[in-house]
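Asker: Below is one structure. I have some questions about it.
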Number of protein chains: 2
Amino acid sequence: MSTLKSKILVVATDLFQTRGINSTGVDTIVAVAGTTKMTLYKYFVSKENLILEVLKKGHDDFQGWLTEQLNTSSKKPSEKLLKLFEFIEEWVTSPNFRGMGFIKASAEFPNEESPVHQLSSEQSREFRQYIGSLASDANIKDAEGLALQLSLLFEGAVQAEQMKRGSGAMKYAKKASKILIEGALAD
Amino acid sequence: MSTLKSKILVVATDLFQTRGINSTGVDTIVAVAGTTKMTLYKYFVSKENLILEVLKKGHDDFQGWLTEQLNTSSKKPSEKLLKLFEFIEEWVTSPNFRGMGFIKASAEFPNEESPVHQLSSEQSREFRQYIGSLASDANIKDAEGLALQLSLLFEGAVQAEQMKRGSGAMKYAKKASKILIEGALAD
DNA sequence: GATTATATATACAGAATTGTCTATTTTAGG
DNA sequence: CCTAAAATAGACAATTCTGTATATATAATC
């Protein structure tokens, strides 16, 4: 991938998160990225296309990072599950955390027919499915139910942290996840 | 309050939720409300002012409704707490549910200095405090902690339902809340 | 060094945005 | 009925938005 394209993606990701997607014009993006609109429209056919690529990259980066952390941390499925929120906390409390792309995007594009909304919705589902596979590997009976509960905690905590940095929400989300996971393991 | 002002508030609430705040122009609002811009700007000094009033009304309506439901349903604090998510589910799954104002608003106005963001943040805090007072009345030791956990579940479930109607998230949020509340009561 | 792809600079069309101004019409109250 | 307030109609300024066109400059490649 061209370094300019990559630069535009990085800058757009940051601006979308800190100023909002609809409030960020392509003029601002190219100015901060140190390039021009002609170049942006060479790599992205439209602003919507740029938004979609930003979302994809953000999600892939996060999923890739999380999967690797969990895989290297433990082999035992139930332990992976219990460590899930440890890593999520690390991610959320890191200084360069700016929020979860698909959560904000779905709020800015509420129309279910919008491609941006659809991608957000799909990413949310993918994340839940990943947790579900962890729960399934740990032989939890209602793996999908637990996955949904944990993803609610996750999305709620991210939402809380987006609303107020340093809210400490993750600490309690972690505790809650432990209670829910241990309960499900005992079933 | 003038019926026209009220009508504008109702229409704006709906449009903001279904199309997004920044994507909804005042022209659209007045057209749907069947009035004119002059009238809108007579009652609201600016679009931002309208957004703030929409948020206030939405929050007051919800809080008022929830408080009344809980007060008439039960006198015992611990039972109130346990019924909390029953009513929230009722609210979320009602056909005219369009999402929680402050959740979407905080996503569209991520800048912490924005008045809209600040109001959203405050409303989120108020809601959590209300749950905290219920937990406190039920003699729960770490009432604030439980309140935070329950509000995470709440915000996560609303987020999930905003992303995909009929997700069934509330059903599992309710189960999770029961586990967390009973655990906290036993402490 | 000449050629070719890549990026820049800049202007601009066309639409949409918020907010205002003036003039007219409708509605209510005495 | 007549007056005063409330609402409408519609144009319009000023800005901002996405996306494009054209011409110039910078790199890299043969």
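Following the order of the structure tokens, first chain is A, next is B, and so on, with residues numbered from 1 inside each chain and ligands from 1 in the order they appear.
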If you count only C-alpha atoms (C1' of nucleotides), which residues fall within 8 Å of stretch 3-15 of chain C, apart from same-chain ones fewer than 5 positions away, as a PyMOL selection string?
Answerer: (chain A and resi 35-36+39) or (chain D and resi 24-27)
Asker: If you run DSSP on the backbone here, which positions in stretch 132-186 of chain A get helix (DSSP H, G or I)? Please write them as a ChimeraX atom specification.
Answerer: /A:132-137,143-163,169-186
Asker: Taking only C-alpha atoms (C1' of nucleotides) into account, produce a table as CSV in which each residue of chain B with an atom at most 12 Å from an atom of chain C appears once, together with its shortest atom pair and the distance in Å to one decimal, ordered by chain and rising number.
Answerer:
```
residue,atom,partner,partner_atom,distance
B:Asn22,CA,C:DT17,C1',10.2
B:Ser23,CA,C:DT17,C1',10.2
B:Thr24,CA,C:DT17,C1',10.1
B:Gly25,CA,C:DT17,C1',7.3
B:Val26,CA,C:DT18,C1',8.0
B:Asp27,CA,C:DT17,C1',9.5
B:Thr28,CA,C:DA16,C1',11.5
B:Lys37,CA,C:DG19,C1',9.0
B:Met38,CA,C:DT20,C1',9.0
B:Leu40,CA,C:DG19,C1',10.9
B:Tyr41,CA,C:DG19,C1',8.4
B:Lys42,CA,C:DG19,C1',11.5
B:Phe44,CA,C:DG19,C1',11.6
B:Val45,CA,C:DG19,C1',9.6
B:Ser46,CA,C:DG19,C1',8.1
B:Lys47,CA,C:DT18,C1',8.0
B:Glu48,CA,C:DT18,C1',10.6
```
Asker: Those same residues - N, CA, C and O atoms - I'd like them written as a JSON list (two decimals), in the first residue's frame.
Answerer:
```
[["chain", "number", "residue", "atom", "x", "y", "z"],
["B", 22, "ASN", "N", -26.08, 15.44, 13.03],
["B", 22, "ASN", "CA", -25.39, 16.29, 12.06],
["B", 22, "ASN", "C", -25.92, 16.12, 10.64],
["B", 22, "ASN", "O", -25.71, 16.98, 9.79],
["B", 23, "SER", "N", -26.56, 15.00, 10.40],
["B", 23, "SER", "CA", -27.10, 14.77, 9.05],
["B", 23, "SER", "C", -28.51, 15.33, 8.90],
["B", 23, "SER", "O", -29.10, 15.23, 7.83],
["B", 24, "THR", "N", -29.05, 15.90, 9.95],
["B", 24, "THR", "CA", -30.40, 16.46, 9.88],
["B", 24, "THR", "C", -30.34, 17.98, 9.88],
["B", 24, "THR", "O", -29.94, 18.58, 10.87],
["B", 25, "GLY", "N", -30.73, 18.58, 8.79],
["B", 25, "GLY", "CA", -30.71, 20.03, 8.70],
["B", 25, "GLY", "C", -31.97, 20.64, 9.30],
["B", 25, "GLY", "O", -33.00, 19.98, 9.41],
["B", 26, "VAL", "N", -31.90, 21.91, 9.66],
["B", 26, "VAL", "CA", -33.08, 22.57, 10.21],
["B", 26, "VAL", "C", -34.18, 22.67, 9.16],
["B", 26, "VAL", "O", -35.36, 22.68, 9.50],
["B", 27, "ASP", "N", -33.81, 22.75, 7.91],
["B", 27, "ASP", "CA", -34.82, 22.78, 6.84],
["B", 27, "ASP", "C", -35.69, 21.53, 6.87],
["B", 27, "ASP", "O", -36.91, 21.62, 6.73],
["B", 28, "THR", "N", -35.04, 20.39, 7.05],
["B", 28, "THR", "CA", -35.79, 19.13, 7.14],
["B", 28, "THR", "C", -36.71, 19.13, 8.35],
["B", 28, "THR", "O", -37.86, 18.72, 8.26],
["B", 37, "LYS", "N", -38.58, 28.09, 9.28],
["B", 37, "LYS", "CA", -37.35, 28.35, 10.03],
["B", 37, "LYS", "C", -37.50, 29.53, 10.98],
["B", 37, "LYS", "O", -36.94, 29.52, 12.08],
["B", 38, "MET", "N", -38.24, 30.53, 10.55],
["B", 38, "MET", "CA", -38.42, 31.70, 11.41],
["B", 38, "MET", "C", -39.02, 31.30, 12.76],
["B", 38, "MET", "O", -38.62, 31.81, 13.80],
["B", 40, "LEU", "N", -38.89, 28.25, 14.10],
["B", 40, "LEU", "CA", -37.91, 27.46, 14.84],
["B", 40, "LEU", "C", -36.92, 28.37, 15.56],
["B", 40, "LEU", "O", -36.66, 28.18, 16.76],
["B", 41, "TYR", "N", -36.43, 29.38, 14.86],
["B", 41, "TYR", "CA", -35.42, 30.25, 15.46],
["B", 41, "TYR", "C", -36.04, 31.24, 16.44],
["B", 41, "TYR", "O", -35.32, 31.98, 17.11],
["B", 42, "LYS", "N", -37.35, 31.27, 16.49],
["B", 42, "LYS", "CA", -37.98, 32.08, 17.54],
["B", 42, "LYS", "C", -37.90, 31.33, 18.88],
["B", 42, "LYS", "O", -37.70, 31.94, 19.93],
["B", 44, "PHE", "N", -35.82, 28.56, 19.45],
["B", 44, "PHE", "CA", -34.48, 28.05, 19.75],
["B", 44, "PHE", "C", -33.45, 28.99, 19.12],
["B", 44, "PHE", "O", -33.51, 29.25, 17.92],
["B", 45, "VAL", "N", -32.55, 29.47, 19.93],
["B", 45, "VAL", "CA", -31.62, 30.48, 19.43],
["B", 45, "VAL", "C", -30.67, 29.92, 18.37],
["B", 45, "VAL", "O", -30.11, 30.68, 17.58],
["B", 46, "SER", "N", -30.46, 28.63, 18.38],
["B", 46, "SER", "CA", -29.55, 28.03, 17.41],
["B", 46, "SER", "C", -29.85, 26.54, 17.31],
["B", 46, "SER", "O", -30.61, 26.00, 18.11],
["B", 47, "LYS", "N", -29.26, 25.90, 16.33],
["B", 47, "LYS", "CA", -29.45, 24.46, 16.21],
["B", 47, "LYS", "C", -28.87, 23.76, 17.43],
["B", 47, "LYS", "O", -29.46, 22.81, 17.95],
["B", 48, "GLU", "N", -27.74, 24.24, 17.90],
["B", 48, "GLU", "CA", -27.13, 23.63, 19.09],
["B", 48, "GLU", "C", -28.08, 23.71, 20.28],
["B", 48, "GLU", "O", -28.22, 22.75, 21.04]]
```
Asker: Please provide the set of residues having any atom within 7 Å of stretch 150-158 of chain B, restricted to only C-alpha atoms (C1' of nucleotides), with same-chain residues fewer than 4 positions apart removed, written as a PDB file with N, CA, C and O atoms, in the first residue's frame.
Answerer:
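File written: selection21.pdb
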```pdb
ATOM      1  N   LEU A 152     -21.815  -6.894  25.492  1.00  0.00           N
ATOM      2  CA  LEU A 152     -22.558  -5.746  26.031  1.00  0.00           C
ATOM      3  C   LEU A 152     -21.688  -4.979  27.027  1.00  0.00           C
ATOM      4  O   LEU A 152     -21.621  -3.746  26.990  1.00  0.00           O
ATOM      5  N   LEU A 153     -21.035  -5.721  27.888  1.00  0.00           N
ATOM      6  CA  LEU A 153     -20.137  -5.081  28.849  1.00  0.00           C
ATOM      7  C   LEU A 153     -19.038  -4.325  28.122  1.00  0.00           C
ATOM      8  O   LEU A 153     -18.688  -3.195  28.468  1.00  0.00           O
ATOM      9  N   GLU A 155     -19.019  -3.132  24.964  1.00  0.00           N
ATOM     10  CA  GLU A 155     -19.512  -1.940  24.276  1.00  0.00           C
ATOM     11  C   GLU A 155     -19.929  -0.846  25.247  1.00  0.00           C
ATOM     12  O   GLU A 155     -19.710   0.335  24.996  1.00  0.00           O
ATOM     13  N   GLY A 156     -20.506  -1.264  26.358  1.00  0.00           N
ATOM     14  CA  GLY A 156     -20.877  -0.291  27.374  1.00  0.00           C
ATOM     15  C   GLY A 156     -19.659   0.408  27.945  1.00  0.00           C
ATOM     16  O   GLY A 156     -19.651   1.624  28.133  1.00  0.00           O
ATOM     17  N   ALA A 157     -18.610  -0.365  28.203  1.00  0.00           N
ATOM     18  CA  ALA A 157     -17.398   0.217  28.788  1.00  0.00           C
ATOM     19  C   ALA A 157     -16.699   1.137  27.803  1.00  0.00           C
ATOM     20  O   ALA A 157     -16.211   2.208  28.174  1.00  0.00           O
TER      21      ALA A 157
ATOM     22  N   GLY B  99     -33.621   4.685  20.363  1.00  0.00           N
ATOM     23  CA  GLY B  99     -32.266   4.802  20.879  1.00  0.00           C
ATOM     24  C   GLY B  99     -32.210   5.763  22.049  1.00  0.00           C
ATOM     25  O   GLY B  99     -33.208   6.395  22.394  1.00  0.00           O
ATOM     26  N   MET B 100     -31.057   5.830  22.666  1.00  0.00           N
ATOM     27  CA  MET B 100     -30.864   6.704  23.816  1.00  0.00           C
ATOM     28  C   MET B 100     -30.151   7.958  23.335  1.00  0.00           C
ATOM     29  O   MET B 100     -29.059   7.874  22.774  1.00  0.00           O
ATOM     30  N   ARG B 128     -26.508   6.841  36.037  1.00  0.00           N
ATOM     31  CA  ARG B 128     -25.724   5.914  36.871  1.00  0.00           C
ATOM     32  C   ARG B 128     -25.955   6.219  38.352  1.00  0.00           C
ATOM     33  O   ARG B 128     -26.059   5.318  39.187  1.00  0.00           O
ATOM     34  N   LEU B 146     -21.641  -1.517  41.566  1.00  0.00           N
ATOM     35  CA  LEU B 146     -22.748  -2.229  40.902  1.00  0.00           C
ATOM     36  C   LEU B 146     -23.476  -1.313  39.924  1.00  0.00           C
ATOM     37  O   LEU B 146     -23.829  -1.730  38.814  1.00  0.00           O
ATOM     38  N   GLN B 162     -29.542  -0.334  19.032  1.00  0.00           N
ATOM     39  CA  GLN B 162     -29.460   0.732  18.040  1.00  0.00           C
ATOM     40  C   GLN B 162     -28.821   0.209  16.757  1.00  0.00           C
ATOM     41  O   GLN B 162     -29.155   0.618  15.663  1.00  0.00           O
ATOM     42  N   ALA B 169     -30.662  -8.419  22.670  1.00  0.00           N
ATOM     43  CA  ALA B 169     -29.597  -8.139  23.638  1.00  0.00           C
ATOM     44  C   ALA B 169     -30.158  -7.938  25.045  1.00  0.00           C
ATOM     45  O   ALA B 169     -29.549  -8.347  26.033  1.00  0.00           O
ATOM     46  N   MET B 170     -31.334  -7.317  25.096  1.00  0.00           N
ATOM     47  CA  MET B 170     -31.897  -6.967  26.388  1.00  0.00           C
ATOM     48  C   MET B 170     -32.192  -8.199  27.244  1.00  0.00           C
ATOM     49  O   MET B 170     -32.087  -8.157  28.462  1.00  0.00           O
ATOM     50  N   ALA B 173     -28.982  -9.095  28.761  1.00  0.00           N
ATOM     51  CA  ALA B 173     -28.583  -8.048  29.699  1.00  0.00           C
ATOM     52  C   ALA B 173     -29.347  -8.226  31.016  1.00  0.00           C
ATOM     53  O   ALA B 173     -28.794  -8.066  32.106  1.00  0.00           O
ATOM     54  N   SER B 177     -27.776  -8.891  34.577  1.00  0.00           N
ATOM     55  CA  SER B 177     -28.024  -7.968  35.689  1.00  0.00           C
ATOM     56  C   SER B 177     -28.479  -8.741  36.924  1.00  0.00           C
ATOM     57  O   SER B 177     -28.107  -8.404  38.050  1.00  0.00           O
TER      58      SER B 177
END
```
Asker: Stretch 74-85 of chain B: which residues within 9 Å, counting only C-alpha atoms (C1' of nucleotides), same-chain residues fewer than 6 positions away excluded, as a PyMOL selection string?
Answerer: chain B and resi 66+131+134-140+154+170-171+173-175+177-178+181-182+185
Asker: Generate a file of the selected residues that holds N, CA, C and O atoms, formatted as an mmCIF file, in the first residue's frame.
Answerer:
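Final file, part.cif:
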```cif
data_model
loop_
_atom_site.group_PDB
_atom_site.id
_atom_site.type_symbol
_atom_site.label_atom_id
_atom_site.label_comp_id
_atom_site.auth_asym_id
_atom_site.auth_seq_id
_atom_site.Cartn_x
_atom_site.Cartn_y
_atom_site.Cartn_z
ATOM 1 N N LEU B 66 -39.211 5.877 33.955
ATOM 2 C CA LEU B 66 -38.586 4.755 34.664
ATOM 3 C C LEU B 66 -38.815 4.849 36.176
ATOM 4 O O LEU B 66 -39.177 3.866 36.834
ATOM 5 N N ILE B 131 -29.229 4.701 39.495
ATOM 6 C CA ILE B 131 -29.074 3.271 39.796
ATOM 7 C C ILE B 131 -28.292 3.086 41.089
ATOM 8 O O ILE B 131 -28.606 2.215 41.907
ATOM 9 N N LEU B 134 -30.534 3.420 43.993
ATOM 10 C CA LEU B 134 -31.339 2.208 44.189
ATOM 11 C C LEU B 134 -30.509 1.143 44.906
ATOM 12 O O LEU B 134 -30.985 0.480 45.839
ATOM 13 N N ALA B 135 -29.263 0.984 44.448
ATOM 14 C CA ALA B 135 -28.381 -0.023 45.047
ATOM 15 C C ALA B 135 -28.071 0.320 46.494
ATOM 16 O O ALA B 135 -28.008 -0.559 47.370
ATOM 17 N N SER B 136 -27.907 1.604 46.733
ATOM 18 C CA SER B 136 -27.604 2.063 48.078
ATOM 19 C C SER B 136 -28.782 1.775 49.020
ATOM 20 O O SER B 136 -28.593 1.302 50.142
ATOM 21 N N ASP B 137 -29.987 2.059 48.535
ATOM 22 C CA ASP B 137 -31.187 1.780 49.319
ATOM 23 C C ASP B 137 -31.314 0.297 49.641
ATOM 24 O O ASP B 137 -31.895 -0.089 50.655
ATOM 25 N N ALA B 138 -30.786 -0.525 48.739
ATOM 26 C CA ALA B 138 -30.865 -1.975 48.949
ATOM 27 C C ALA B 138 -29.709 -2.477 49.810
ATOM 28 O O ALA B 138 -29.473 -3.695 49.890
ATOM 29 N N ASN B 139 -28.997 -1.522 50.408
ATOM 30 C CA ASN B 139 -27.887 -1.850 51.317
ATOM 31 C C ASN B 139 -26.761 -2.647 50.667
ATOM 32 O O ASN B 139 -26.165 -3.515 51.309
ATOM 33 N N ILE B 140 -26.519 -2.349 49.425
ATOM 34 C CA ILE B 140 -25.403 -3.022 48.760
ATOM 35 C C ILE B 140 -24.112 -2.301 49.111
ATOM 36 O O ILE B 140 -24.068 -1.061 49.117
ATOM 37 N N PHE B 154 -26.539 -1.657 30.501
ATOM 38 C CA PHE B 154 -27.605 -0.867 29.894
ATOM 39 C C PHE B 154 -27.137 -0.192 28.614
ATOM 40 O O PHE B 154 -27.754 -0.332 27.555
ATOM 41 N N MET B 170 -31.334 -7.317 25.096
ATOM 42 C CA MET B 170 -31.897 -6.967 26.388
ATOM 43 C C MET B 170 -32.192 -8.199 27.244
ATOM 44 O O MET B 170 -32.087 -8.157 28.462
ATOM 45 N N LYS B 171 -32.567 -9.265 26.584
ATOM 46 C CA LYS B 171 -32.882 -10.504 27.298
ATOM 47 C C LYS B 171 -31.652 -10.988 28.087
ATOM 48 O O LYS B 171 -31.758 -11.365 29.259
ATOM 49 N N ALA B 173 -28.982 -9.095 28.761
ATOM 50 C CA ALA B 173 -28.583 -8.048 29.699
ATOM 51 C C ALA B 173 -29.347 -8.226 31.016
ATOM 52 O O ALA B 173 -28.794 -8.066 32.106
ATOM 53 N N LYS B 174 -30.606 -8.582 30.878
ATOM 54 C CA LYS B 174 -31.452 -8.801 32.058
ATOM 55 C C LYS B 174 -30.912 -9.964 32.900
ATOM 56 O O LYS B 174 -30.774 -9.854 34.121
ATOM 57 N N LYS B 175 -30.591 -11.051 32.222
ATOM 58 C CA LYS B 175 -30.010 -12.203 32.927
ATOM 59 C C LYS B 175 -28.720 -11.817 33.633
ATOM 60 O O LYS B 175 -28.487 -12.182 34.786
ATOM 61 N N SER B 177 -27.776 -8.891 34.577
ATOM 62 C CA SER B 177 -28.024 -7.968 35.689
ATOM 63 C C SER B 177 -28.479 -8.741 36.924
ATOM 64 O O SER B 177 -28.107 -8.404 38.050
ATOM 65 N N LYS B 178 -29.264 -9.789 36.684
ATOM 66 C CA LYS B 178 -29.755 -10.588 37.815
ATOM 67 C C LYS B 178 -28.580 -11.236 38.550
ATOM 68 O O LYS B 178 -28.504 -11.210 39.782
ATOM 69 N N ILE B 181 -26.597 -8.464 40.396
ATOM 70 C CA ILE B 181 -27.321 -7.907 41.545
ATOM 71 C C ILE B 181 -27.375 -8.915 42.692
ATOM 72 O O ILE B 181 -27.091 -8.590 43.848
ATOM 73 N N GLU B 182 -27.695 -10.155 42.360
ATOM 74 C CA GLU B 182 -27.784 -11.158 43.431
ATOM 75 C C GLU B 182 -26.426 -11.408 44.071
ATOM 76 O O GLU B 182 -26.332 -11.651 45.285
ATOM 77 N N LEU B 185 -25.902 -8.447 46.369
ATOM 78 C CA LEU B 185 -26.759 -8.527 47.560
ATOM 79 C C LEU B 185 -26.202 -9.516 48.572
ATOM 80 O O LEU B 185 -26.344 -9.340 49.788
#
```
Asker: If we count only C-alpha atoms (C1' of nucleotides), which residues of chain D reach to within 9 Å of chain A? Please list them as a CSV table (one decimal) with C-alpha atoms (C1' of nucleotides), in the first residue's frame.
Answerer:
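Dumped to out06.csv:
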```csv
chain,number,residue,atom,x,y,z
D,16,DT,C1',-19.0,24.7,4.0
D,17,DC,C1',-19.3,20.4,1.7
D,18,DT,C1',-18.0,16.7,-1.9
D,19,DG,C1',-16.1,15.9,-6.1
D,20,DT,C1',-13.8,17.4,-10.6
```
Asker: For chain B, which residue out of A:Ile21, A:Ile51, A:Ala31, A:Thr3 is the nearest one, using only C-alpha atoms?
Answerer: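 Result for the nearest residue to chain B: A:Ile21.
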Asker: Hey, what's within 12 Å of B:Arg165 if we count only C-alpha atoms (C1' of nucleotides) and toss same-chain stuff fewer than 6 positions away? As a PyMOL selection string, please?
Answerer: (chain A and resi 110-112+121) or (chain B and resi 92-99+157-159)
